[in-house]
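For reference, model.cif is printed below; it contains mmCIF, C-alpha atoms.
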```
data_start
#
loop_
_atom_site.group_PDB
_atom_site.id
_atom_site.type_symbol
_atom_site.label_atom_id
_atom_site.label_comp_id
_atom_site.auth_asym_id
_atom_site.auth_seq_id
_atom_site.Cartn_x
_atom_site.Cartn_y
_atom_site.Cartn_z
ATOM 1 C CA MET A 8 -70.628 86.273 -25.954
ATOM 2 C CA PRO A 9 -71.424 82.578 -25.546
ATOM 3 C CA ASP A 10 -71.903 80.458 -28.631
ATOM 4 C CA GLN A 11 -75.422 79.641 -29.710
ATOM 5 C CA VAL A 12 -76.710 76.295 -28.466
ATOM 6 C CA GLU A 13 -77.865 74.378 -31.524
ATOM 7 C CA ARG A 14 -78.423 70.951 -30.102
ATOM 8 C CA THR A 15 -79.727 69.485 -26.854
ATOM 9 C CA VAL A 16 -78.633 65.966 -25.998
ATOM 10 C CA VAL A 17 -79.724 63.735 -23.117
ATOM 11 C CA VAL A 18 -77.655 60.745 -22.021
ATOM 12 C CA THR A 19 -78.916 58.523 -19.214
ATOM 13 C CA GLY A 20 -76.274 57.016 -16.974
ATOM 14 C CA GLY A 21 -73.802 59.544 -18.309
ATOM 15 C CA SER A 22 -71.358 59.909 -15.443
ATOM 16 C CA ARG A 23 -69.341 56.755 -16.088
ATOM 17 C CA GLY A 24 -68.415 54.130 -18.661
ATOM 18 C CA ILE A 25 -70.022 54.188 -22.106
ATOM 19 C CA GLY A 26 -72.426 56.966 -21.078
ATOM 20 C CA LYS A 27 -69.553 59.246 -20.148
ATOM 21 C CA ALA A 28 -67.805 58.532 -23.455
ATOM 22 C CA VAL A 29 -71.058 59.326 -25.306
ATOM 23 C CA CYS A 30 -71.314 62.667 -23.484
ATOM 24 C CA LEU A 31 -67.703 63.418 -24.455
ATOM 25 C CA ALA A 32 -68.375 62.574 -28.108
ATOM 26 C CA PHE A 33 -71.154 65.180 -28.194
ATOM 27 C CA ALA A 34 -69.215 67.826 -26.296
ATOM 28 C CA ASP A 35 -68.733 71.013 -28.270
ATOM 29 C CA PRO A 36 -69.633 74.691 -27.749
ATOM 30 C CA HIS A 37 -72.911 74.357 -29.665
ATOM 31 C CA THR A 38 -74.295 71.498 -27.618
ATOM 32 C CA SER A 39 -76.165 71.410 -24.350
ATOM 33 C CA ILE A 40 -75.579 68.024 -22.737
ATOM 34 C CA TRP A 41 -77.810 66.731 -19.972
ATOM 35 C CA PHE A 42 -76.936 63.502 -18.278
ATOM 36 C CA ASN A 43 -78.389 61.837 -15.245
ATOM 37 C CA TYR A 44 -76.714 59.729 -12.629
ATOM 38 C CA SER A 45 -78.123 57.587 -9.852
ATOM 39 C CA SER A 46 -75.506 57.498 -7.106
ATOM 40 C CA ASP A 47 -71.948 58.501 -7.970
ATOM 41 C CA VAL A 48 -71.918 62.273 -7.373
ATOM 42 C CA SER A 49 -68.148 62.662 -7.636
ATOM 43 C CA ALA A 50 -68.071 60.883 -11.023
ATOM 44 C CA ALA A 51 -70.905 63.144 -12.234
ATOM 45 C CA VAL A 52 -69.095 66.296 -11.100
ATOM 46 C CA GLU A 53 -65.919 65.111 -12.821
ATOM 47 C CA THR A 54 -67.796 64.365 -16.078
ATOM 48 C CA GLU A 55 -69.464 67.788 -15.964
ATOM 49 C CA LYS A 56 -66.061 69.404 -15.527
ATOM 50 C CA ILE A 57 -64.517 67.567 -18.495
ATOM 51 C CA LEU A 58 -67.500 68.432 -20.711
ATOM 52 C CA ARG A 59 -67.295 72.098 -19.768
ATOM 53 C CA GLU A 60 -63.593 72.138 -20.558
ATOM 54 C CA LYS A 61 -64.577 71.109 -24.085
ATOM 55 C CA GLY A 62 -66.927 74.075 -24.225
ATOM 56 C CA ALA A 63 -70.238 72.222 -23.860
ATOM 57 C CA ARG A 64 -73.075 73.315 -21.602
ATOM 58 C CA ALA A 65 -73.069 70.323 -19.274
ATOM 59 C CA HIS A 66 -75.649 69.458 -16.664
ATOM 60 C CA GLY A 67 -75.384 66.340 -14.506
ATOM 61 C CA VAL A 68 -78.614 65.746 -12.605
ATOM 62 C CA LYS A 69 -79.505 63.079 -10.070
ATOM 63 C CA VAL A 70 -82.562 61.382 -11.600
ATOM 64 C CA ASP A 71 -83.987 57.939 -10.944
ATOM 65 C CA VAL A 72 -84.995 56.705 -14.419
ATOM 66 C CA ARG A 73 -87.441 54.276 -12.797
ATOM 67 C CA SER A 74 -89.582 57.170 -11.582
ATOM 68 C CA GLU A 75 -91.955 58.739 -14.096
ATOM 69 C CA ASP A 76 -92.273 61.858 -11.943
ATOM 70 C CA GLN A 77 -88.513 62.367 -11.765
ATOM 71 C CA VAL A 78 -88.060 61.697 -15.466
ATOM 72 C CA LYS A 79 -90.849 64.162 -16.344
ATOM 73 C CA ALA A 80 -89.339 66.866 -14.133
ATOM 74 C CA PHE A 81 -85.875 66.315 -15.638
ATOM 75 C CA PHE A 82 -87.073 66.680 -19.233
ATOM 76 C CA LYS A 83 -89.292 69.629 -18.369
ATOM 77 C CA THR A 84 -86.279 71.479 -16.989
ATOM 78 C CA LEU A 85 -84.052 70.804 -19.961
ATOM 79 C CA VAL A 86 -86.669 71.568 -22.596
ATOM 80 C CA ALA A 87 -87.488 74.815 -20.776
ATOM 81 C CA GLU A 88 -83.823 75.836 -20.955
ATOM 82 C CA TYR A 89 -83.296 75.705 -24.731
ATOM 83 C CA GLY A 90 -86.753 74.896 -26.063
ATOM 84 C CA ARG A 91 -85.807 71.703 -27.842
ATOM 85 C CA LEU A 92 -84.579 68.142 -27.494
ATOM 86 C CA ASP A 93 -82.597 66.638 -30.340
ATOM 87 C CA VAL A 94 -81.029 63.435 -29.096
ATOM 88 C CA LEU A 95 -81.893 60.928 -26.364
ATOM 89 C CA VAL A 96 -79.392 58.182 -25.584
ATOM 90 C CA ASN A 97 -80.889 55.514 -23.332
ATOM 91 C CA ASN A 98 -77.719 54.173 -21.793
ATOM 92 C CA ALA A 99 -78.414 53.694 -18.081
ATOM 93 C CA GLY A 100 -77.924 50.070 -17.170
ATOM 94 C CA ILE A 101 -76.886 47.719 -14.404
ATOM 95 C CA THR A 102 -76.054 44.017 -14.130
ATOM 96 C CA ARG A 103 -77.072 41.644 -11.345
ATOM 97 C CA ASP A 104 -75.683 38.390 -12.734
ATOM 98 C CA ASN A 105 -76.637 34.961 -11.482
ATOM 99 C CA LEU A 106 -77.806 31.621 -12.777
ATOM 100 C CA LEU A 107 -81.563 31.651 -13.250
ATOM 101 C CA VAL A 108 -82.279 29.122 -10.480
ATOM 102 C CA ARG A 109 -80.340 31.268 -8.017
ATOM 103 C CA MET A 110 -81.553 34.639 -9.233
ATOM 104 C CA LYS A 111 -83.546 36.643 -6.729
ATOM 105 C CA GLU A 112 -86.751 38.341 -7.827
ATOM 106 C CA ALA A 113 -85.241 41.667 -6.718
ATOM 107 C CA ASP A 114 -82.317 41.132 -9.112
ATOM 108 C CA TRP A 115 -84.697 40.463 -11.998
ATOM 109 C CA ASP A 116 -86.843 43.491 -11.180
ATOM 110 C CA GLY A 117 -83.872 45.751 -10.532
ATOM 111 C CA VAL A 118 -82.304 45.071 -13.929
ATOM 112 C CA MET A 119 -85.640 45.307 -15.774
ATOM 113 C CA ASP A 120 -86.570 48.562 -14.057
ATOM 114 C CA ILE A 121 -83.374 50.433 -14.865
ATOM 115 C CA ASN A 122 -82.397 48.914 -18.225
ATOM 116 C CA LEU A 123 -85.840 48.595 -19.837
ATOM 117 C CA LYS A 124 -88.483 50.542 -17.940
ATOM 118 C CA GLY A 125 -86.086 53.481 -17.632
ATOM 119 C CA ALA A 126 -85.723 53.578 -21.424
ATOM 120 C CA PHE A 127 -89.501 53.354 -21.842
ATOM 121 C CA LEU A 128 -90.129 56.295 -19.496
ATOM 122 C CA CYS A 129 -87.390 58.491 -20.946
ATOM 123 C CA SER A 130 -88.461 57.731 -24.523
ATOM 124 C CA LYS A 131 -92.100 58.432 -23.687
ATOM 125 C CA VAL A 132 -91.367 61.838 -22.230
ATOM 126 C CA ALA A 133 -88.755 62.752 -24.850
ATOM 127 C CA ALA A 134 -91.061 61.724 -27.710
ATOM 128 C CA ARG A 135 -93.594 64.355 -26.638
ATOM 129 C CA THR A 136 -91.143 67.108 -27.469
ATOM 130 C CA MET A 137 -89.690 65.379 -30.530
ATOM 131 C CA ILE A 138 -93.152 64.737 -32.040
ATOM 132 C CA GLN A 139 -94.023 68.411 -31.728
ATOM 133 C CA GLN A 140 -90.740 69.621 -33.197
ATOM 134 C CA HIS A 141 -90.950 66.995 -35.979
ATOM 135 C CA SER A 142 -87.398 65.829 -35.457
ATOM 136 C CA GLY A 143 -85.337 63.778 -33.060
ATOM 137 C CA ARG A 144 -83.002 60.850 -32.541
ATOM 138 C CA ILE A 145 -83.399 58.121 -29.968
ATOM 139 C CA ILE A 146 -80.453 55.768 -29.538
ATOM 140 C CA ASN A 147 -80.713 52.795 -27.217
ATOM 141 C CA ILE A 148 -77.595 51.155 -25.846
ATOM 142 C CA THR A 149 -78.395 47.464 -25.896
ATOM 143 C CA SER A 150 -75.822 44.658 -25.825
ATOM 144 C CA LEU A 151 -74.389 41.865 -27.913
ATOM 145 C CA VAL A 152 -75.824 39.428 -25.362
ATOM 146 C CA GLY A 153 -79.308 40.802 -26.030
ATOM 147 C CA VAL A 154 -78.960 39.142 -29.436
ATOM 148 C CA THR A 155 -76.841 36.067 -28.635
ATOM 149 C CA GLY A 156 -77.901 35.296 -25.058
ATOM 150 C CA ASN A 157 -75.453 34.661 -22.238
ATOM 151 C CA ALA A 158 -75.503 32.136 -19.404
ATOM 152 C CA GLY A 159 -75.781 33.775 -16.001
ATOM 153 C CA GLN A 160 -77.362 36.961 -17.315
ATOM 154 C CA SER A 161 -80.975 36.032 -18.011
ATOM 155 C CA ASN A 162 -82.259 39.269 -16.468
ATOM 156 C CA TYR A 163 -79.783 41.487 -18.326
ATOM 157 C CA VAL A 164 -80.221 39.581 -21.605
ATOM 158 C CA ALA A 165 -84.020 39.804 -21.368
ATOM 159 C CA ALA A 166 -83.844 43.536 -20.669
ATOM 160 C CA LYS A 167 -81.396 44.182 -23.525
ATOM 161 C CA ALA A 168 -83.438 42.070 -25.952
ATOM 162 C CA GLY A 169 -86.474 44.035 -24.771
ATOM 163 C CA LEU A 170 -84.657 47.230 -25.609
ATOM 164 C CA ILE A 171 -84.181 45.980 -29.174
ATOM 165 C CA GLY A 172 -87.923 45.338 -29.396
ATOM 166 C CA LEU A 173 -88.632 48.813 -28.043
ATOM 167 C CA THR A 174 -86.244 50.239 -30.653
ATOM 168 C CA LYS A 175 -88.057 48.526 -33.532
ATOM 169 C CA ALA A 176 -91.574 49.376 -32.366
ATOM 170 C CA LEU A 177 -90.718 53.025 -31.695
ATOM 171 C CA ALA A 178 -88.883 53.328 -35.008
ATOM 172 C CA ARG A 179 -92.123 52.432 -36.792
ATOM 173 C CA GLU A 180 -94.275 54.561 -34.514
ATOM 174 C CA LEU A 181 -92.226 57.755 -34.743
ATOM 175 C CA ALA A 182 -90.924 57.609 -38.318
ATOM 176 C CA GLN A 183 -93.730 59.792 -39.661
ATOM 177 C CA ARG A 184 -92.507 62.600 -37.389
ATOM 178 C CA ASN A 185 -88.939 62.411 -38.703
ATOM 179 C CA ILE A 186 -87.700 60.760 -35.516
ATOM 180 C CA THR A 187 -85.264 57.882 -35.942
ATOM 181 C CA VAL A 188 -84.773 55.180 -33.331
ATOM 182 C CA ASN A 189 -81.773 52.874 -33.441
ATOM 183 C CA ALA A 190 -79.848 50.626 -31.086
ATOM 184 C CA VAL A 191 -76.134 50.124 -30.566
ATOM 185 C CA ALA A 192 -75.013 46.708 -29.318
ATOM 186 C CA PRO A 193 -71.570 46.815 -27.719
ATOM 187 C CA GLY A 194 -69.632 43.607 -27.218
ATOM 188 C CA PHE A 195 -66.791 43.399 -24.684
ATOM 189 C CA ILE A 196 -65.924 46.978 -23.742
ATOM 190 C CA ASP A 197 -63.432 48.127 -21.106
ATOM 191 C CA THR A 198 -65.588 49.836 -18.475
ATOM 192 C CA GLY A 199 -66.321 49.484 -14.779
ATOM 193 C CA MET A 200 -69.025 46.963 -15.663
ATOM 194 C CA THR A 201 -66.581 44.531 -17.299
ATOM 195 C CA GLY A 202 -63.660 45.430 -14.983
ATOM 196 C CA ILE A 203 -65.049 43.127 -12.307
ATOM 197 C CA LEU A 204 -64.313 39.969 -14.347
ATOM 198 C CA ASP A 205 -61.327 37.830 -13.298
ATOM 199 C CA GLU A 206 -58.369 37.228 -15.604
ATOM 200 C CA THR A 207 -59.510 33.740 -16.715
ATOM 201 C CA ALA A 208 -62.973 34.964 -17.731
ATOM 202 C CA ARG A 209 -61.409 37.915 -19.503
ATOM 203 C CA GLU A 210 -58.984 35.733 -21.470
ATOM 204 C CA HIS A 211 -61.816 33.424 -22.456
ATOM 205 C CA ILE A 212 -63.883 36.308 -23.833
ATOM 206 C CA LEU A 213 -60.919 37.872 -25.633
ATOM 207 C CA SER A 214 -60.287 34.547 -27.417
ATOM 208 C CA GLN A 215 -63.740 34.870 -29.007
ATOM 209 C CA ILE A 216 -63.209 38.349 -30.437
ATOM 210 C CA PRO A 217 -61.921 38.351 -34.035
ATOM 211 C CA LEU A 218 -60.284 41.757 -33.552
ATOM 212 C CA GLY A 219 -58.490 40.244 -30.561
ATOM 213 C CA ARG A 220 -59.015 42.989 -28.010
ATOM 214 C CA ALA A 221 -61.623 44.648 -25.864
ATOM 215 C CA GLY A 222 -63.319 47.723 -27.287
ATOM 216 C CA SER A 223 -63.133 51.158 -25.723
ATOM 217 C CA ALA A 224 -66.113 53.190 -24.594
ATOM 218 C CA ALA A 225 -65.047 55.849 -27.093
ATOM 219 C CA GLU A 226 -65.399 53.351 -29.949
ATOM 220 C CA VAL A 227 -69.028 52.759 -28.939
ATOM 221 C CA ALA A 228 -69.615 56.488 -28.534
ATOM 222 C CA GLY A 229 -68.368 57.121 -32.060
ATOM 223 C CA VAL A 230 -71.182 54.997 -33.493
ATOM 224 C CA VAL A 231 -73.737 56.723 -31.269
ATOM 225 C CA GLU A 232 -72.461 60.072 -32.518
ATOM 226 C CA PHE A 233 -72.849 58.887 -36.101
ATOM 227 C CA LEU A 234 -76.435 57.714 -35.512
ATOM 228 C CA ALA A 235 -77.263 61.126 -34.035
ATOM 229 C CA SER A 236 -75.739 62.957 -37.006
ATOM 230 C CA ASP A 237 -77.320 64.030 -40.291
ATOM 231 C CA LYS A 238 -75.290 61.308 -42.017
ATOM 232 C CA ALA A 239 -77.562 58.671 -40.436
ATOM 233 C CA ALA A 240 -80.823 60.424 -41.333
ATOM 234 C CA TYR A 241 -82.099 57.496 -43.418
ATOM 235 C CA MET A 242 -81.428 54.779 -40.832
ATOM 236 C CA THR A 243 -84.094 53.717 -38.383
ATOM 237 C CA GLY A 244 -85.011 50.593 -36.430
ATOM 238 C CA GLN A 245 -81.498 49.158 -36.756
ATOM 239 C CA VAL A 246 -79.226 47.370 -34.314
ATOM 240 C CA ILE A 247 -75.573 48.254 -34.910
ATOM 241 C CA HIS A 248 -73.061 45.859 -33.408
ATOM 242 C CA VAL A 249 -69.827 47.277 -32.043
ATOM 243 C CA SER A 250 -68.181 44.093 -30.888
ATOM 244 C CA GLY A 251 -64.880 43.601 -32.667
ATOM 245 C CA GLY A 252 -66.571 40.983 -34.815
ATOM 246 C CA MET A 253 -67.835 38.911 -31.877
ATOM 247 C CA TYR A 254 -71.185 38.802 -33.647
ATOM 248 C CA ILE A 255 -71.044 38.459 -37.412
ATOM 249 C CA MET B 6 -107.741 86.068 -30.727
ATOM 250 C CA SER B 7 -110.597 84.160 -29.080
ATOM 251 C CA ILE B 8 -110.034 80.700 -27.617
ATOM 252 C CA GLU B 9 -112.134 79.272 -30.446
ATOM 253 C CA ASP B 10 -109.973 80.945 -33.081
ATOM 254 C CA LYS B 11 -106.792 79.771 -31.352
ATOM 255 C CA ILE B 12 -108.039 76.199 -31.337
ATOM 256 C CA LYS B 13 -109.090 76.327 -34.972
ATOM 257 C CA LYS B 14 -105.739 77.790 -35.947
ATOM 258 C CA ILE B 15 -103.768 75.073 -34.198
ATOM 259 C CA ILE B 16 -105.970 72.338 -35.712
ATOM 260 C CA ALA B 17 -105.387 73.778 -39.179
ATOM 261 C CA GLU B 18 -101.642 73.987 -38.540
ATOM 262 C CA LYS B 19 -101.205 70.535 -37.067
ATOM 263 C CA LEU B 20 -103.402 68.742 -39.618
ATOM 264 C CA LYS B 21 -102.125 70.872 -42.506
ATOM 265 C CA VAL B 22 -105.597 71.828 -43.682
ATOM 266 C CA GLY B 23 -107.106 75.193 -44.586
ATOM 267 C CA ILE B 24 -108.632 77.147 -41.705
ATOM 268 C CA GLU B 25 -111.904 77.260 -43.717
ATOM 269 C CA ASP B 26 -112.125 73.464 -43.460
ATOM 270 C CA VAL B 27 -111.960 73.567 -39.673
ATOM 271 C CA VAL B 28 -115.723 73.783 -39.119
ATOM 272 C CA PRO B 29 -117.361 72.521 -35.904
ATOM 273 C CA GLU B 30 -118.778 69.341 -37.433
ATOM 274 C CA ALA B 31 -115.516 68.342 -39.160
ATOM 275 C CA HIS B 32 -114.267 64.901 -38.062
ATOM 276 C CA PHE B 33 -110.489 64.751 -37.614
ATOM 277 C CA ILE B 34 -110.031 61.398 -39.327
ATOM 278 C CA LYS B 35 -112.899 61.275 -41.843
ATOM 279 C CA ASP B 36 -112.961 64.923 -42.917
ATOM 280 C CA LEU B 37 -109.541 66.334 -42.091
ATOM 281 C CA GLY B 38 -107.399 63.298 -42.966
ATOM 282 C CA ALA B 39 -105.749 62.899 -39.573
ATOM 283 C CA ASN B 40 -104.156 59.672 -38.324
ATOM 284 C CA SER B 41 -103.743 58.540 -34.715
ATOM 285 C CA LEU B 42 -100.361 60.225 -34.246
ATOM 286 C CA ASP B 43 -101.744 63.493 -35.669
ATOM 287 C CA ILE B 44 -104.466 63.428 -33.039
ATOM 288 C CA VAL B 45 -101.972 62.700 -30.264
ATOM 289 C CA GLU B 46 -99.893 65.654 -31.419
ATOM 290 C CA LEU B 47 -102.978 67.845 -31.523
ATOM 291 C CA ILE B 48 -103.942 66.849 -27.989
ATOM 292 C CA MET B 49 -100.413 67.585 -26.753
ATOM 293 C CA SER B 50 -100.535 71.021 -28.343
ATOM 294 C CA MET B 51 -103.833 71.745 -26.575
ATOM 295 C CA GLU B 52 -102.338 70.594 -23.279
ATOM 296 C CA ASP B 53 -99.374 72.898 -23.705
ATOM 297 C CA MET B 54 -101.407 75.835 -24.966
ATOM 298 C CA PHE B 55 -103.957 75.774 -22.159
ATOM 299 C CA ASP B 56 -101.694 74.234 -19.501
ATOM 300 C CA ILE B 57 -104.071 71.355 -18.840
ATOM 301 C CA GLU B 58 -103.774 67.597 -18.829
ATOM 302 C CA ILE B 59 -106.120 65.616 -21.043
ATOM 303 C CA GLU B 60 -106.486 62.003 -19.919
ATOM 304 C CA ASP B 61 -106.542 59.210 -22.504
ATOM 305 C CA ASP B 62 -110.190 58.328 -21.917
ATOM 306 C CA GLN B 63 -111.166 61.945 -22.514
ATOM 307 C CA ALA B 64 -108.848 62.325 -25.495
ATOM 308 C CA GLU B 65 -110.483 59.333 -27.185
ATOM 309 C CA LYS B 66 -113.775 61.191 -27.272
ATOM 310 C CA LEU B 67 -112.360 64.251 -29.010
ATOM 311 C CA MET B 68 -113.058 63.329 -32.612
ATOM 312 C CA THR B 69 -114.518 66.482 -34.114
ATOM 313 C CA VAL B 70 -113.672 70.167 -33.954
ATOM 314 C CA LYS B 71 -116.813 70.748 -31.886
ATOM 315 C CA ASP B 72 -115.755 68.041 -29.393
ATOM 316 C CA VAL B 73 -112.518 69.931 -28.780
ATOM 317 C CA LEU B 74 -114.158 73.357 -28.579
ATOM 318 C CA ASP B 75 -116.710 72.081 -26.056
ATOM 319 C CA PHE B 76 -114.071 70.265 -24.044
ATOM 320 C CA ILE B 77 -111.681 73.207 -23.818
ATOM 321 C CA GLU B 78 -114.559 75.505 -22.856
ATOM 322 C CA THR B 79 -115.183 73.362 -19.771
ATOM 323 C CA ARG B 80 -111.493 73.174 -18.831
ATOM 324 C CA ALA B 81 -109.604 76.290 -19.852
#
```
Write out the structure in this file as structure tokens.
Amino acid sequence: MPDQVERTVVVTGGSRGIGKAVCLAFADPHTSIWFNYSSDVSAAVETEKILREKGARAHGVKVDVRSEDQVKAFFKTLVAEYGRLDVLVNNAGITRDNLLVRMKEADWDGVMDINLKGAFLCSKVAARTMIQQHSGRIINITSLVGVTGNAGQSNYVAAKAGLIGLTKALARELAQRNITVNAVAPGFIDTGMTGILDETAREHILSQIPLGRAGSAAEVAGVVEFLASDKAAYMTGQVIHVSGGMYI
Amino acid sequence: MSIEDKIKKIIAEKLKVGIEDVVPEAHFIKDLGANSLDIVELIMSMEDMFDIEIEDDQAEKLMTVKDVLDFIETRA
């Protein structure tokens, strides 16, 4: 007899990096976890497998978060399965770094579309269900640089700062339906996204972190898990920094 | 239950008012105390209940119980 599913969680960009760690943090026999991925099928299959080993109902689905039709179909499927949607984690993100004067329009649009428009579309569709059930948690994964700025990342910084604005506006809009909306701002975290930096750049960043080390994806996921829990019921519209003290 | 009764019931439920207050001429905001999010939620419930899509420009015109009854009659 399978355990009763008590909670349905959606994580965008859940096959790798912070998204994968967030999925793992939610994985238990009472949770149905739905994550989307854009390209890496083998990573998605692997994540599904790990989640199932922890007893969760895991579903990795190829969904382009830039497409309203695909996003709608994805949420329709998952709401049909268990009749509810408790947590949405807008995590999907890419970087296309360059100095502004050298940045191609496609690199601006690409980062905006996935990091910001994707969160808008997923939140819009998810809010429909959450408004009707009078409960829900939306957690947006922004970035330290969305607050501090960073040379060479004007597209990414603008998108992440936009995500903070989206968080605050939605928090006010949805509060009367018992839906909280918060953002988590990771600093320097060991993932594929930061793995591409050379040793000099890495050392330079590490020298600016009071805790003296990079964070792990699991340490970000722990804060996301907290924000989704009953313990965080009275928090909304907040940006929580998980950066080893890089931003104080 | 007739379509009219179903609609009245869901309006009463969503706006937390007595079913006896849901009379055709009742205005959602002025008479039944709804706010903009209440109306959005009401519209979504109608869409789900009757499996229809109500566009924003149509939804804006649905301000009284009678507006909704008339609208659903033409669509459902």
Step by step, work through what the PyMOL selection byres ((chain B) within 8 of (chain A)) selects in the shown file, and finish by giving those residues as number ranges by chain. B: 46, 49-50
Applied to this file, what does the PyMOL selection byres ((chain B and resi 74) around 10) return in terms of residues, put as a compact mmCIF listing (two decimals) with C-alpha atoms, in the frame of the given file?
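Result went into result-v7.txt, see below:
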```txt
# COMPACT_ATOMS: atom_id res chain seq x y z
CA ILE B 8 -110.03 80.70 -27.62
CA GLU B 9 -112.13 79.27 -30.45
CA ASP B 10 -109.97 80.94 -33.08
CA ILE B 12 -108.04 76.20 -31.34
CA LYS B 13 -109.09 76.33 -34.97
CA PRO B 29 -117.36 72.52 -35.90
CA LEU B 67 -112.36 64.25 -29.01
CA THR B 69 -114.52 66.48 -34.11
CA VAL B 70 -113.67 70.17 -33.95
CA LYS B 71 -116.81 70.75 -31.89
CA ASP B 72 -115.76 68.04 -29.39
CA VAL B 73 -112.52 69.93 -28.78
CA ASP B 75 -116.71 72.08 -26.06
CA PHE B 76 -114.07 70.26 -24.04
CA ILE B 77 -111.68 73.21 -23.82
CA GLU B 78 -114.56 75.50 -22.86
CA THR B 79 -115.18 73.36 -19.77
```
Suppose a student applies the PyMOL selection byres ((chain B and resi 33) around 8) to this structure; what residues should they get, written as a ChimeraX atom specification? /B:31-32,34-39,44,68-70
I need the residues from that last selection saved to file as a short mmCIF file (atom, residue, chain, number, x, y, z; two decimals), in the coordinates of the input (with C-alpha atoms), if you can.
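again-v5.cif written:
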```
data_model
loop_
_atom_site.label_atom_id
_atom_site.label_comp_id
_atom_site.auth_asym_id
_atom_site.auth_seq_id
_atom_site.Cartn_x
_atom_site.Cartn_y
_atom_site.Cartn_z
CA ALA B 31 -115.52 68.34 -39.16
CA HIS B 32 -114.27 64.90 -38.06
CA ILE B 34 -110.03 61.40 -39.33
CA LYS B 35 -112.90 61.28 -41.84
CA ASP B 36 -112.96 64.92 -42.92
CA LEU B 37 -109.54 66.33 -42.09
CA GLY B 38 -107.40 63.30 -42.97
CA ALA B 39 -105.75 62.90 -39.57
CA ILE B 44 -104.47 63.43 -33.04
CA MET B 68 -113.06 63.33 -32.61
CA THR B 69 -114.52 66.48 -34.11
CA VAL B 70 -113.67 70.17 -33.95
#
```
Any idea what's packed within 8 Å of Leu151 of chain A, counting all atoms listed in the file, ignoring anything in its chain fewer than 4 positions away? Could you give it as a PyMOL selection string? chain A and resi 155-156+192-194+248+250+254
Taking C-alpha atoms for each residue, export the selection above as a short mmCIF file (atom, residue, chain, number, x, y, z; two decimals), keeping the file's coordinate frame.
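Listing of part.cif after writing:
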```cif
data_model
loop_
_atom_site.label_atom_id
_atom_site.label_comp_id
_atom_site.auth_asym_id
_atom_site.auth_seq_id
_atom_site.Cartn_x
_atom_site.Cartn_y
_atom_site.Cartn_z
CA THR A 155 -76.84 36.07 -28.64
CA GLY A 156 -77.90 35.30 -25.06
CA ALA A 192 -75.01 46.71 -29.32
CA PRO A 193 -71.57 46.82 -27.72
CA GLY A 194 -69.63 43.61 -27.22
CA HIS A 248 -73.06 45.86 -33.41
CA SER A 250 -68.18 44.09 -30.89
CA TYR A 254 -71.18 38.80 -33.65
#
```
Which polymer residues, whether protein, DNA or RNA, lie within 7 Å of the coordinate (-80.7, 63.6, -15.8) when you count only C-alpha atoms? List them as a ChimeraX atom specification, using the chain letters and numbers from the file. /A:19,41-44,67-70,81
Sphere at (-80.4, 58.8, -25.4), radius 7 Å, counting all atoms listed in the file: residues as a list in words: Val17, Val18, Thr19, Val94, Leu95, Val96, Asn97, Asn98, Ile145, Ile146 and Asn147 of chain A
Could you state the separation of atom CA of Glu53 of chain A and atom CA of His66 of chain A in Å, given to one decimal place?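 Straight-line distance from atom CA of Glu53 of chain A to atom CA of His66 of chain A works out to 11.3 Å.
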Can you work out the spacing between atom CA of Asp53 of chain B and atom CA of Ala87 of chain A in Å, to one decimal?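 Interatomic distance here is 12.4 Å.
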Atom-to-atom span, atom CA of Asn189 of chain A and atom CA of Ile40 of chain A, Å: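 One can read the atom CA of Asn189 of chain A to atom CA of Ile40 of chain A distance as 19.6 Å.
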Can you give me N, CA and C atoms for segment 45-53 of chain A, written as a PDB file, in the frame of the given file?
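What follows is the written file part-v8.pdb:
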```
ATOM      1  N   SER A  45     -77.275  58.097 -10.928  1.00  0.00           N
ATOM      2  CA  SER A  45     -78.123  57.587  -9.852  1.00  0.00           C
ATOM      3  C   SER A  45     -77.456  57.726  -8.495  1.00  0.00           C
ATOM      4  N   SER A  46     -76.132  57.523  -8.431  1.00  0.00           N
ATOM      5  CA  SER A  46     -75.506  57.498  -7.106  1.00  0.00           C
ATOM      6  C   SER A  46     -74.149  58.194  -7.038  1.00  0.00           C
ATOM      7  N   ASP A  47     -73.332  58.070  -8.066  1.00  0.00           N
ATOM      8  CA  ASP A  47     -71.948  58.501  -7.970  1.00  0.00           C
ATOM      9  C   ASP A  47     -71.790  60.006  -8.258  1.00  0.00           C
ATOM     10  N   VAL A  48     -71.972  60.816  -7.200  1.00  0.00           N
ATOM     11  CA  VAL A  48     -71.918  62.273  -7.373  1.00  0.00           C
ATOM     12  C   VAL A  48     -70.550  62.735  -7.856  1.00  0.00           C
ATOM     13  N   SER A  49     -69.485  62.170  -7.278  1.00  0.00           N
ATOM     14  CA  SER A  49     -68.148  62.662  -7.636  1.00  0.00           C
ATOM     15  C   SER A  49     -67.835  62.362  -9.108  1.00  0.00           C
ATOM     16  N   ALA A  50     -68.280  61.203  -9.605  1.00  0.00           N
ATOM     17  CA  ALA A  50     -68.071  60.883 -11.023  1.00  0.00           C
ATOM     18  C   ALA A  50     -68.851  61.861 -11.900  1.00  0.00           C
ATOM     19  N   ALA A  51     -70.075  62.221 -11.455  1.00  0.00           N
ATOM     20  CA  ALA A  51     -70.905  63.144 -12.234  1.00  0.00           C
ATOM     21  C   ALA A  51     -70.271  64.530 -12.290  1.00  0.00           C
ATOM     22  N   VAL A  52     -69.742  64.981 -11.156  1.00  0.00           N
ATOM     23  CA  VAL A  52     -69.095  66.296 -11.100  1.00  0.00           C
ATOM     24  C   VAL A  52     -67.874  66.315 -12.015  1.00  0.00           C
ATOM     25  N   GLU A  53     -67.110  65.224 -11.984  1.00  0.00           N
ATOM     26  CA  GLU A  53     -65.919  65.111 -12.821  1.00  0.00           C
ATOM     27  C   GLU A  53     -66.300  65.140 -14.314  1.00  0.00           C
TER      28      GLU A  53
END
```
